[in-house]
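As provided, target-v8.csv (CSV, C-alpha atoms and all ligand atoms) reads as follows.
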```
chain,number,residue,atom,x,y,z
A,92,MET,CA,79.9,90.2,151.3
A,93,PRO,CA,79.2,87.4,148.9
A,94,ASP,CA,82.0,86.7,146.3
A,95,PHE,CA,82.6,89.3,143.7
A,96,ILE,CA,81.0,88.4,140.3
A,97,PRO,CA,83.5,89.1,137.6
A,98,VAL,CA,82.4,90.7,134.3
A,99,ASN,CA,83.9,87.8,132.4
A,100,GLU,CA,85.0,84.3,133.0
A,101,PRO,CA,85.6,81.9,130.0
A,102,LEU,CA,84.6,78.3,129.8
A,103,LEU,CA,87.3,75.9,128.8
A,104,ASP,CA,85.8,72.5,129.4
A,105,GLY,CA,85.9,70.9,125.9
A,106,ASN,CA,88.9,69.4,124.1
A,107,GLU,CA,91.2,72.4,125.1
A,108,LYS,CA,93.4,70.4,127.5
A,109,ARG,CA,93.7,67.4,125.2
A,110,TYR,CA,94.8,69.5,122.2
A,111,LEU,CA,97.2,71.5,124.4
A,112,ALA,CA,98.8,68.3,125.7
A,113,GLU,CA,99.2,67.3,122.0
A,114,CYS,CA,101.2,70.5,121.4
A,115,ILE,CA,103.4,69.8,124.4
A,116,ASP,CA,103.9,66.1,123.6
A,117,THR,CA,104.8,66.8,120.0
A,118,GLY,CA,106.9,69.9,120.7
A,119,TRP,CA,104.8,71.9,118.2
A,120,ILE,CA,104.3,75.2,120.0
A,121,SER,CA,105.1,77.8,117.4
A,122,SER,CA,103.0,79.1,114.6
A,123,GLU,CA,104.4,76.3,112.4
A,124,GLY,CA,102.3,73.7,114.2
A,125,PRO,CA,99.4,71.9,112.6
A,126,PHE,CA,96.6,73.3,114.8
A,127,VAL,CA,97.1,76.7,113.2
A,128,ARG,CA,96.2,75.6,109.7
A,129,ARG,CA,93.4,73.4,111.0
A,130,PHE,CA,91.9,76.2,113.0
A,131,GLU,CA,92.2,78.6,110.1
A,132,GLU,CA,90.5,76.2,107.7
A,133,ARG,CA,87.7,75.2,110.0
A,134,PHE,CA,87.0,78.8,111.1
A,135,ALA,CA,87.0,80.1,107.5
A,136,ALA,CA,84.6,77.3,106.5
A,137,ARG,CA,82.4,78.1,109.4
A,138,VAL,CA,81.9,81.7,108.1
A,139,GLY,CA,81.8,80.6,104.5
A,140,ARG,CA,85.1,82.1,103.4
A,141,ARG,CA,87.9,80.7,101.3
A,142,HIS,CA,90.8,81.9,103.5
A,143,GLY,CA,91.5,82.3,107.2
A,144,ILE,CA,94.6,84.0,108.4
A,145,ALA,CA,95.1,83.5,112.2
A,146,VAL,CA,96.9,86.4,114.0
A,147,THR,CA,97.8,87.5,117.5
A,148,ASN,CA,94.6,89.5,118.3
A,149,GLY,CA,91.7,91.3,116.8
A,150,THR,CA,93.5,94.7,116.8
A,151,ALA,CA,96.3,93.1,114.7
A,152,ALA,CA,93.7,91.7,112.3
A,153,LEU,CA,92.3,95.2,111.7
A,154,ASP,CA,95.8,96.7,111.3
A,155,ALA,CA,96.7,94.1,108.7
A,156,ALA,CA,93.4,94.5,106.9
A,157,VAL,CA,93.8,98.3,106.6
A,158,GLU,CA,97.4,97.9,105.4
A,159,ALA,CA,96.5,95.0,103.0
A,160,LEU,CA,94.0,97.2,101.2
A,161,GLY,CA,96.7,99.8,100.6
A,162,ILE,CA,95.0,102.5,102.6
A,163,GLY,CA,97.2,105.5,103.2
A,164,PRO,CA,97.7,109.2,102.8
A,165,GLY,CA,94.9,111.0,100.9
A,166,ASP,CA,92.4,108.2,101.6
A,167,GLU,CA,89.3,108.4,103.8
A,168,VAL,CA,87.8,105.5,105.7
A,169,ILE,CA,84.2,105.8,107.1
A,170,LEU,CA,83.7,104.1,110.5
A,171,PRO,CA,81.4,104.5,113.6
A,172,THR,CA,82.6,106.9,116.3
A,173,PHE,CA,81.2,104.5,118.8
A,174,THR,CA,83.6,101.6,118.7
A,175,ILE,CA,86.9,100.4,120.2
A,176,ILE,CA,90.1,102.3,119.4
A,177,SER,CA,91.5,99.2,117.6
A,178,CYS,CA,89.3,100.2,114.6
A,179,ILE,CA,91.0,103.5,114.1
A,180,ASN,CA,94.6,102.9,115.0
A,181,GLN,CA,96.0,101.8,111.6
A,182,ILE,CA,93.8,104.2,109.7
A,183,VAL,CA,95.4,107.1,111.6
A,184,ARG,CA,99.0,105.6,111.6
A,185,SER,CA,98.8,105.0,107.8
A,186,GLY,CA,98.2,108.7,107.2
A,187,ALA,CA,94.7,108.2,106.0
A,188,THR,CA,91.7,110.2,107.4
A,189,PRO,CA,89.1,108.5,109.5
A,190,VAL,CA,85.6,109.9,108.9
A,191,LEU,CA,83.0,109.2,111.5
A,192,VAL,CA,79.3,108.4,111.6
A,193,ASP,CA,76.9,108.3,114.6
A,194,SER,CA,75.1,105.2,116.0
A,195,ASP,CA,71.6,103.9,116.0
A,196,PRO,CA,70.2,104.4,119.5
A,197,LEU,CA,68.5,101.0,119.7
A,198,THR,CA,71.0,98.6,118.1
A,199,TRP,CA,74.1,100.7,119.1
A,200,ASN,CA,75.6,99.9,115.7
A,201,LEU,CA,76.6,102.5,113.2
A,202,ASP,CA,73.7,104.4,111.7
A,203,VAL,CA,73.7,103.3,108.1
A,204,THR,CA,71.6,106.2,107.0
A,205,GLN,CA,74.5,108.6,107.7
A,206,ILE,CA,77.1,106.9,105.6
A,207,GLU,CA,76.3,108.3,102.1
A,208,ALA,CA,76.5,111.9,103.2
A,209,LYS,CA,80.1,111.3,104.3
A,210,ILE,CA,81.4,109.9,101.0
A,211,THR,CA,83.8,112.1,99.1
A,212,PRO,CA,86.1,111.4,96.0
A,213,ARG,CA,88.7,110.4,98.5
A,214,THR,CA,86.7,107.7,100.3
A,215,ARG,CA,88.3,104.3,99.9
A,216,ALA,CA,86.6,102.1,102.4
A,217,ILE,CA,83.9,101.6,104.9
A,218,LEU,CA,84.7,99.8,108.2
A,219,ALA,CA,81.5,98.2,109.5
A,220,VAL,CA,81.7,97.1,113.2
A,221,HIS,CA,79.2,94.7,114.7
A,222,LEU,CA,78.7,95.6,118.3
A,223,TYR,CA,77.5,93.9,121.5
A,224,GLY,CA,75.2,91.2,119.9
A,225,LEU,CA,73.3,92.5,116.9
A,226,PRO,CA,74.9,92.9,113.5
A,227,VAL,CA,75.1,96.1,111.4
A,228,ASP,CA,72.3,96.4,108.9
A,229,MET,CA,74.5,95.1,106.1
A,230,ASP,CA,72.3,95.3,103.0
A,231,PRO,CA,72.4,99.2,102.8
A,232,VAL,CA,76.2,99.1,103.6
A,233,LEU,CA,76.8,96.6,100.8
A,234,ALA,CA,74.7,98.6,98.4
A,235,ILE,CA,76.5,101.9,99.2
A,236,ALA,CA,80.0,100.2,98.9
A,237,GLN,CA,79.0,98.8,95.5
A,238,ARG,CA,77.5,102.0,94.2
A,239,HIS,CA,80.6,104.0,95.1
A,240,GLY,CA,83.3,101.4,94.4
A,241,LEU,CA,84.4,101.2,98.1
A,242,LYS,CA,86.2,98.4,99.9
A,243,LEU,CA,84.4,96.9,102.9
A,244,ILE,CA,86.2,95.9,106.1
A,245,GLU,CA,83.9,94.0,108.4
A,246,ASP,CA,84.9,93.9,112.1
A,247,ALA,CA,83.1,90.9,113.5
A,248,ALA,CA,85.3,90.6,116.6
A,249,GLU,CA,82.3,90.5,118.9
A,250,LEU,CA,79.9,88.5,116.8
A,251,ILE,CA,81.5,85.1,116.2
A,252,GLY,CA,78.6,82.8,115.4
A,253,GLN,CA,76.1,85.5,114.6
A,254,THR,CA,74.3,85.8,111.2
A,255,TYR,CA,72.7,88.6,109.2
A,256,ARG,CA,69.6,87.5,107.3
A,257,GLY,CA,70.9,84.0,107.7
A,258,ARG,CA,74.4,84.7,106.3
A,259,PRO,CA,77.4,84.5,108.8
A,260,CYS,CA,78.9,87.7,110.1
A,261,GLY,CA,82.4,87.7,108.7
A,262,SER,CA,81.2,86.7,105.3
A,263,PHE,CA,80.5,90.3,104.0
A,264,GLY,CA,83.8,92.2,104.0
A,265,ASP,CA,86.5,92.2,101.3
A,266,LEU,CA,88.4,91.5,104.5
A,267,SER,CA,86.6,90.5,107.7
A,268,THR,CA,88.2,90.3,111.1
A,269,PHE,CA,87.6,88.6,114.5
A,270,SER,CA,89.0,88.6,118.0
A,271,PHE,CA,89.4,85.6,120.3
A,272,TYR,CA,90.0,87.5,123.5
A,273,PRO,CA,88.5,85.5,126.5
A,274,ASN,CA,85.3,87.6,126.6
A,275,LYS,CA,84.5,86.5,123.0
A,276,HIS,CA,82.1,83.7,122.0
A,277,ILE,CA,85.2,81.6,121.4
A,278,THR,CA,88.7,82.3,122.8
A,279,THR,CA,92.3,81.5,122.3
A,280,GLY,CA,93.5,83.6,125.2
A,281,GLU,CA,94.7,86.3,122.9
A,282,GLY,CA,94.1,85.9,119.2
A,283,GLY,CA,92.4,87.0,116.0
A,284,MET,CA,91.5,86.0,112.5
A,285,ILE,CA,91.2,87.7,109.1
A,286,VAL,CA,89.0,86.0,106.6
A,287,THR,CA,88.5,86.7,102.9
A,288,ASP,CA,87.6,85.1,99.5
A,289,ASP,CA,90.2,87.1,97.7
A,290,ASP,CA,93.4,85.0,97.0
A,291,ALA,CA,95.6,88.0,96.5
A,292,LEU,CA,94.4,89.8,99.6
A,293,ALA,CA,94.9,86.6,101.6
A,294,ASP,CA,98.5,86.3,100.4
A,295,THR,CA,99.1,89.9,101.3
A,296,CYS,CA,97.7,89.4,104.8
A,297,ARG,CA,99.8,86.2,105.2
A,298,GLY,CA,102.8,88.2,104.2
A,299,LEU,CA,102.0,91.1,106.5
A,300,ARG,CA,101.5,88.6,109.4
A,301,ASN,CA,105.0,87.2,108.8
A,302,LEU,CA,107.3,90.2,108.4
A,303,CYS,CA,106.8,90.0,104.7
A,304,PHE,CA,109.5,87.4,104.4
A,305,GLN,CA,109.7,86.4,100.7
A,306,PRO,CA,109.7,82.8,99.5
A,307,GLY,CA,113.1,82.1,98.0
A,308,LYS,CA,114.6,85.4,99.3
A,309,ARG,CA,113.6,85.1,102.9
A,310,PHE,CA,115.5,88.1,104.4
A,311,VAL,CA,115.0,90.5,101.4
A,312,HIS,CA,111.9,92.6,102.0
A,313,GLU,CA,109.7,94.5,99.5
A,314,ARG,CA,107.3,95.7,102.1
A,315,LEU,CA,107.1,96.3,105.9
A,316,GLY,CA,105.0,93.8,107.8
A,317,TRP,CA,104.6,92.7,111.4
A,318,ASN,CA,105.1,89.5,113.4
A,319,LEU,CA,101.4,88.8,114.0
A,320,ARG,CA,101.7,85.0,114.1
A,321,MET,CA,99.3,82.9,116.2
A,322,THR,CA,101.0,80.0,118.1
A,323,ASN,CA,100.0,76.4,117.8
A,324,LEU,CA,99.1,76.5,121.5
A,325,GLN,CA,96.5,79.3,120.9
A,326,ALA,CA,95.1,77.6,117.8
A,327,ALA,CA,94.7,74.3,119.8
A,328,VAL,CA,92.5,76.1,122.3
A,329,GLY,CA,90.7,77.9,119.4
A,330,LEU,CA,89.9,74.6,117.6
A,331,ALA,CA,88.5,73.1,120.8
A,332,GLN,CA,86.4,76.2,121.3
A,333,LEU,CA,85.2,76.3,117.7
A,334,GLU,CA,83.9,72.7,118.0
A,335,ARG,CA,81.4,74.1,120.5
A,336,LEU,CA,80.5,77.4,118.9
A,337,ASP,CA,76.8,76.6,118.4
A,338,GLU,CA,76.5,75.5,122.0
A,339,LEU,CA,78.3,78.6,123.2
A,340,VAL,CA,76.1,80.9,121.1
A,341,GLU,CA,73.0,79.2,122.5
A,342,HIS,CA,74.4,79.6,126.0
A,343,LYS,CA,74.8,83.4,125.5
A,344,ARG,CA,71.3,83.6,124.0
A,345,ARG,CA,69.8,82.0,127.0
A,346,MET,CA,71.9,84.3,129.3
A,347,GLY,CA,70.6,87.4,127.4
A,348,ALA,CA,67.0,86.2,127.5
A,349,ARG,CA,67.3,85.5,131.2
A,350,TYR,CA,68.7,89.0,132.0
A,351,THR,CA,65.9,90.5,130.0
A,352,GLU,CA,63.3,88.6,132.0
A,353,LEU,CA,65.0,89.5,135.3
A,354,LEU,CA,65.3,93.2,134.5
A,355,ALA,CA,62.0,93.7,132.6
A,356,GLY,CA,60.0,96.6,133.8
A,357,VAL,CA,62.8,98.5,135.6
A,358,PRO,CA,61.7,102.0,134.6
A,359,GLY,CA,65.2,103.7,134.3
A,360,LEU,CA,66.7,101.0,132.0
A,361,GLN,CA,66.9,100.5,128.2
A,362,LEU,CA,67.6,96.8,127.6
A,363,PRO,CA,69.2,95.4,124.5
A,364,LEU,CA,66.9,94.7,121.6
A,365,PRO,CA,66.2,90.9,121.6
A,366,ALA,CA,66.0,90.9,117.8
A,367,THR,CA,65.7,93.0,114.6
A,368,ASP,CA,64.2,91.9,111.3
A,369,TYR,CA,67.6,90.7,110.2
A,370,ALA,CA,69.0,88.9,113.3
A,371,ASP,CA,68.4,87.6,116.8
A,372,ASN,CA,70.7,89.0,119.5
A,373,ILE,CA,73.6,86.7,120.5
A,374,TYR,CA,74.5,89.0,123.5
A,375,TRP,CA,78.3,89.1,123.2
A,376,VAL,CA,77.8,91.0,126.5
A,377,TYR,CA,74.6,92.2,128.1
A,378,GLY,CA,74.6,95.9,127.7
A,379,ILE,CA,72.2,98.3,129.4
A,380,VAL,CA,71.7,102.0,128.9
A,381,LEU,CA,70.4,104.3,131.7
A,382,LYS,CA,67.4,106.3,130.5
A,383,ASP,CA,67.5,110.0,130.9
A,384,ASP,CA,65.3,109.9,134.0
A,385,ALA,CA,67.7,107.6,135.8
A,386,PRO,CA,69.2,109.8,138.5
A,387,PHE,CA,72.8,108.7,137.9
A,388,ASP,CA,75.1,108.1,135.0
A,389,ALA,CA,76.9,104.9,134.0
A,390,GLU,CA,80.0,105.7,136.0
A,391,GLU,CA,78.0,106.2,139.2
A,392,ALA,CA,75.9,103.0,138.5
A,393,MET,CA,79.1,101.0,138.0
A,394,ARG,CA,80.6,102.3,141.2
A,395,ARG,CA,77.5,101.4,143.2
A,396,LEU,CA,77.4,97.9,141.6
A,397,ALA,CA,81.1,97.3,142.3
A,398,ALA,CA,80.5,98.2,145.9
A,399,ARG,CA,77.9,95.4,146.0
A,400,GLY,CA,80.1,92.8,144.3
A,401,ILE,CA,79.0,93.1,140.7
A,402,GLY,CA,81.7,93.5,138.0
A,403,THR,CA,80.8,95.7,135.0
A,404,ARG,CA,82.5,97.5,132.1
A,405,PRO,CA,81.7,100.8,130.5
A,406,PHE,CA,80.5,101.1,126.9
A,407,PHE,CA,83.1,102.3,124.4
A,408,TRP,CA,84.2,106.0,124.5
A,409,PRO,CA,83.6,107.7,121.1
A,410,MET,CA,86.5,108.2,118.8
A,411,HIS,CA,85.7,111.9,118.4
A,412,GLU,CA,86.2,112.4,122.1
A,413,GLN,CA,89.5,110.5,122.4
A,414,PRO,CA,92.2,112.8,123.8
A,415,VAL,CA,94.9,111.2,121.7
A,416,LEU,CA,93.0,111.8,118.5
A,417,SER,CA,91.9,115.3,119.5
A,418,ARG,CA,95.5,116.3,120.1
A,419,MET,CA,96.2,115.2,116.4
A,420,GLY,CA,93.6,117.8,115.4
A,421,LEU,CA,91.0,115.2,114.4
A,422,PHE,CA,87.2,115.6,114.6
A,423,ARG,CA,87.4,119.2,115.9
A,424,GLY,CA,83.9,120.5,116.7
A,425,GLU,CA,82.2,117.3,115.5
A,426,ARG,CA,79.3,116.0,117.6
A,427,TYR,CA,77.7,112.6,117.6
A,428,PRO,CA,74.9,112.8,120.2
A,429,VAL,CA,73.8,109.1,120.1
A,430,ALA,CA,77.4,107.9,120.7
A,431,GLU,CA,78.0,110.5,123.4
A,432,ARG,CA,74.9,109.4,125.2
A,433,LEU,CA,75.7,105.7,124.9
A,434,ALA,CA,79.2,106.3,126.3
A,435,ARG,CA,77.8,108.2,129.3
A,436,ARG,CA,74.7,106.1,130.0
A,437,GLY,CA,75.8,102.6,128.9
A,438,PHE,CA,77.7,99.7,130.5
A,439,TYR,CA,77.5,96.0,130.6
A,440,LEU,CA,76.8,93.4,133.3
A,441,PRO,CA,78.6,90.1,134.0
A,442,SER,CA,78.3,88.2,130.8
A,443,GLY,CA,81.0,85.5,130.7
A,444,MET,CA,80.5,81.9,129.5
A,445,ALA,CA,81.1,80.7,133.1
A,446,LEU,CA,78.5,82.9,134.7
A,447,SER,CA,76.0,80.8,136.7
A,448,GLU,CA,72.3,81.3,136.9
A,449,ALA,CA,72.6,82.1,140.6
A,450,GLN,CA,75.3,84.8,139.9
A,451,GLN,CA,73.1,86.2,137.1
A,452,GLU,CA,70.1,86.4,139.5
A,453,ARG,CA,72.2,88.2,142.1
A,454,ALA,CA,73.5,90.7,139.6
A,455,ALA,CA,70.0,91.4,138.4
A,456,VAL,CA,68.7,91.9,142.0
A,457,VAL,CA,71.5,94.4,142.7
A,458,VAL,CA,70.8,96.3,139.5
A,459,ARG,CA,67.1,96.4,140.4
A,460,GLY,CA,68.1,97.7,143.8
A,461,LEU,CA,69.8,100.7,142.2
A,462,PHE,CA,66.3,102.0,141.2
A,463,ALA,CA,64.5,101.1,144.4
A,464,PRO,CA,63.0,104.1,146.2
A,501,LIG,C1,84.6,95.5,118.0
A,501,LIG,C2,86.0,95.1,118.4
A,501,LIG,N1,87.0,95.1,117.4
A,501,LIG,C3,88.3,94.8,117.7
A,501,LIG,C4,88.6,94.4,119.0
A,501,LIG,C5,90.1,94.1,119.3
A,501,LIG,O1,90.3,92.8,119.6
A,501,LIG,P1,91.5,92.3,120.5
A,501,LIG,O2,91.2,92.7,121.9
A,501,LIG,O3,91.7,90.9,120.3
A,501,LIG,O4,92.7,93.1,120.0
A,501,LIG,C6,87.7,94.3,120.0
A,501,LIG,C7,88.1,93.8,121.3
A,501,LIG,O5,87.5,93.4,122.2
A,501,LIG,C8,86.3,94.7,119.7
A,501,LIG,O6,85.4,94.6,120.6
```
Kindly return the structure encoded in the file as structure tokens.
Ligand SMILES: Cc1ncc(COP(=O)(O)O)c(C=O)c1O
Amino acid sequence: MPDFIPVNEPLLDGNEKRYLAECIDTGWISSEGPFVRRFEERFAARVGRRHGIAVTNGTAALDAAVEALGIGPGDEVILPTFTIISCINQIVRSGATPVLVDSDPLTWNLDVTQIEAKITPRTRAILAVHLYGLPVDMDPVLAIAQRHGLKLIEDAAELIGQTYRGRPCGSFGDLSTFSFYPNKHITTGEGGMIVTDDDALADTCRGLRNLCFQPGKRFVHERLGWNLRMTNLQAAVGLAQLERLDELVEHKRRMGARYTELLAGVPGLQLPLPATDYADNIYWVYGIVLKDDAPFDAEEAMRRLAARGIGTRPFFWPMHEQPVLSRMGLFRGERYPVAERLARRGFYLPSGMALSEAQQERAAVVVRGLFAP
């Protein structure tokens, strides 16, 4: 059998090695090193924000964002059911109530028309999550947040380098968050970032990241934080990656267009939308959804592809169907049919930065073969 094609392989052929060597040569390896500040400043500038707060991963960025906004018992936060569990962890742990909305069947992002019906006097915030390659339709979300005096957390983990109507993803939230896991458009191995224009929120996030040590009275604490500090080594890699962001986004756009060309006309497949009226897809990963007439579900398709050497990943599993949350009594009897269908019929193909055209072609041929009579 030809080599297995992994679902993701990063590309680290810019200044990564040089900057890492600088960390080693100078001995700056902790979060105190100069690359952290440089990475924060350049990243924040890239998405048009005043502050960047580098953290250990995208989940931690979300945890800190929810805590920084003071969300807790009695509060409700509206978010999509179709997302990663990172989005809901701190909402639940804080004692607040997560309130779910279903997804749009074509963009796979939260269905913005469902938000307003979920607002109550206890609603404090909306968590908008950009998924797979196209942003959430932000104008209606911003209008609703403003009309009801709600905070907006924007999870842009998957859409580094994407824009909404020309404005960078990550420029919309009171707090916006990113992940630099190796399958993202830029990576630091593990890592994340919070960005904001609000000086006070930025200070709070910096405190939460660093155990809420206090200037002057270091070991006296007024609040419980975490150690979420990014190391200089990670920031060095991040800075080298950031220098090439435009190129990396273009690379993924080409990859997405190529998959679409190679898979066009397969009758059982719903392919990602190449564009909406507010954005062109940047294909964080190339997701596909099996249409109802496909004679197998995503699990079976992924099994057959793995047997033929093609790595895949399932789509997210909805929050209202998570055993851990059901056991807490959350979302009893709630149904979100679009998310349920995406979870059962959707998965993504090898989509890493290092994927070659030959590998892509082979993956597409094997996918087509699933539907051959
Ligand atoms: C939408 C979204 N939010 C948050 C995260 C969490 O990021 P991390 O894996 O860096 O914790 C991810 C992870 O891939 C994600 O896809």
query = Neighbours of Pro365 in chain A within 10 Å (all atoms listed in the file; same-chain residues fewer than 3 positions away dropped), as number ranges by chain?
reply = A: 198, 224-225, 344, 347-348, 351, 362, 370-374
May I have a table of the residues of chain A lying at most 6 Å from ligand LIG 501 (chain A), giving each one's closest pair of atoms and their distance in Å to one decimal, counting all atoms listed in the file, ordered by chain and ascending residue number, as a tab-separated table?
```
residue	atom	partner	partner_atom	distance
A:Asn148	CA	A:LIG501	O3	3.8
A:Gly149	CA	A:LIG501	O1	3.5
A:Thr150	CA	A:LIG501	O4	3.7
A:Ile175	CA	A:LIG501	C2	5.7
A:Ser177	CA	A:LIG501	C3	5.4
A:Val220	CA	A:LIG501	C1	5.8
A:Leu222	CA	A:LIG501	C1	5.9
A:Asp246	CA	A:LIG501	N1	5.8
A:Ala248	CA	A:LIG501	N1	4.9
A:Glu249	CA	A:LIG501	O6	5.4
A:Ser270	CA	A:LIG501	O3	4.2
A:Phe271	CA	A:LIG501	O3	5.8
A:Tyr272	CA	A:LIG501	O3	5.0
A:Gly282	CA	A:LIG501	O3	5.7
A:Gly283	CA	A:LIG501	O3	5.8
```
From A:Leu336, A:Leu433, A:Ala385, A:Leu302, residue lying nearest Pro464 in chain A [all atoms listed in the file] =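 Nearest to Pro464 in chain A: A:Ala385.
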key: Residue contacts of Arg256 in chain A (12 Å, all atoms listed in the file) excluding same-chain residues fewer than 6 positions away, as a PyMOL selection string   = chain A and resi 225-230+262-263+366-371
inquiry  = So, with only C-alpha atoms as the atoms that count, which of A:Thr214, A:Val192, A:Leu241, A:Phe462 lies closest to Gly163 in chain A?
reply    = A:Thr214
Which residue of A:Thr147, A:Ser417, A:Gln332, A:Asn99 approaches Gly252 in chain A most closely, using all atoms listed in the file = A:Gln332
query = What is the CA of Ala463 in chain A-CA of Pro196 in chain A distance in Å, reported with one decimal?
reply =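 So the two atoms, CA of Ala463 in chain A and CA of Pro196 in chain A, lie 25.8 Å apart.
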ask   = Can you find the residues with an atom no farther than 10 Å from (82.3, 96.0, 113.8), counting all atoms listed in the file, and report them as JSON, numbers by chain?
value = {"A": [170, 171, 173, 174, 175, 178, 200, 201, 218, 219, 220, 221, 222, 223, 226, 227, 244, 245, 246, 247, 248, 249, 250, 260, 261, 267, 268, 269]}
Between CA of Arg394 in chain A and CA of Val380 in chain A - distance in Å to one decimal =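 So the two atoms, CA of Val380 in chain A and CA of Arg394 in chain A, lie 15.2 Å apart.
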request  = Go through A:Ile277, A:Val168, A:Ile144, A:Ala326 and flag the residue nearest Leu102 in chain A, using all atoms listed in the file for the distances.
outcome  = A:Ile277
task = For CA of Gly359 in chain A and CA of Asp388 in chain A, determine how far apart the two atoms are, in Å to one decimal place.
result = 10.9 Å
request  = Determine, counting only C-alpha atoms, which protein, DNA and RNA residues have an atom within 12 Å of an atom of Pro386 in chain A; residues of the same chain fewer than 3 positions away are not included. Present the result as a list in words.
outcome  =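 That gives Pro358, Gly359, Leu360, Leu381, Lys382, Asp383, Ala389, Glu390, Glu391, Ala392, Arg436, Leu461, Phe462, Ala463 and Pro464 of chain A.
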remark   = For Asn180 in chain A, the closest of A:Leu324, A:Leu292, A:Val98, A:Val415 counting only C-alpha atoms is A:Val415
inquiry  = Report as a ChimeraX atom specification all protein, DNA and RNA residues lying within 12 Å of range 312-321 of chain A, evaluated on only C-alpha atoms, omitting residues in the same chain fewer than 2 positions from it.
reply    = /A:120-128,130-131,143-156,158-159,161,270-271,279-285,295-310,323-329
inquiry  = Between A:Val311, A:Ile206, A:Ile379, A:Ile401, which residue has the minimum interatomic distance to Gln451 in chain A, considering all atoms listed in the file?
reply    =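 Going through A:Val311, A:Ile206, A:Ile379, A:Ile401 one by one, the smallest distance to Gln451 in chain A is for A:Ile401.
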Residue neighbourhood Gly460 in chain A, 10 Å, only C-alpha atoms, exclusion window fewer than 6 positions, as a ChimeraX atom specification = /A:357,396,454
task = Taking the point (84.0, 82.2, 122.7) as given in the file, collect each protein or nucleic acid residue that comes within 8 Å of it, counting all atoms listed in the file, and present the set as a list in words.
result = Pro101, Ile251, Phe271, Pro273, Asn274, Lys275, His276, Ile277, Thr278, Gln332, Leu333, Leu336, Leu339 and Met444 of chain A
Limit the output to all heavy atoms and give range 323-327 of chain A as a JSON list (two decimals), in the first residue's frame.
```
[["chain", "number", "residue", "atom", "x", "y", "z"],
["A", 323, "ASN", "N", 8.94, 31.54, 25.26],
["A", 323, "ASN", "CA", 9.66, 32.25, 24.20],
["A", 323, "ASN", "C", 9.90, 31.34, 22.99],
["A", 323, "ASN", "O", 9.89, 31.80, 21.85],
["A", 323, "ASN", "CB", 11.00, 32.76, 24.75],
["A", 323, "ASN", "CG", 11.54, 33.94, 23.97],
["A", 323, "ASN", "OD1", 10.82, 34.89, 23.68],
["A", 323, "ASN", "ND2", 12.81, 33.87, 23.61],
["A", 324, "LEU", "N", 10.09, 30.04, 23.27],
["A", 324, "LEU", "CA", 10.33, 29.07, 22.18],
["A", 324, "LEU", "C", 9.11, 29.01, 21.26],
["A", 324, "LEU", "O", 9.22, 29.01, 20.03],
["A", 324, "LEU", "CB", 10.60, 27.68, 22.76],
["A", 324, "LEU", "CG", 11.84, 27.53, 23.65],
["A", 324, "LEU", "CD1", 11.74, 26.30, 24.53],
["A", 324, "LEU", "CD2", 13.09, 27.46, 22.78],
["A", 325, "GLN", "N", 7.94, 28.94, 21.87],
["A", 325, "GLN", "CA", 6.70, 28.87, 21.08],
["A", 325, "GLN", "C", 6.50, 30.16, 20.29],
["A", 325, "GLN", "O", 6.14, 30.14, 19.11],
["A", 325, "GLN", "CB", 5.50, 28.63, 22.00],
["A", 325, "GLN", "CG", 5.50, 27.26, 22.64],
["A", 325, "GLN", "CD", 4.50, 27.19, 23.79],
["A", 325, "GLN", "OE1", 4.54, 27.99, 24.72],
["A", 325, "GLN", "NE2", 3.59, 26.23, 23.71],
["A", 326, "ALA", "N", 6.73, 31.29, 20.98],
["A", 326, "ALA", "CA", 6.52, 32.59, 20.32],
["A", 326, "ALA", "C", 7.50, 32.77, 19.16],
["A", 326, "ALA", "O", 7.17, 33.39, 18.15],
["A", 326, "ALA", "CB", 6.66, 33.72, 21.33],
["A", 327, "ALA", "N", 8.71, 32.22, 19.30],
["A", 327, "ALA", "CA", 9.70, 32.30, 18.22],
["A", 327, "ALA", "C", 9.17, 31.62, 16.97],
["A", 327, "ALA", "O", 9.25, 32.15, 15.86],
["A", 327, "ALA", "CB", 11.02, 31.67, 18.68]]
```
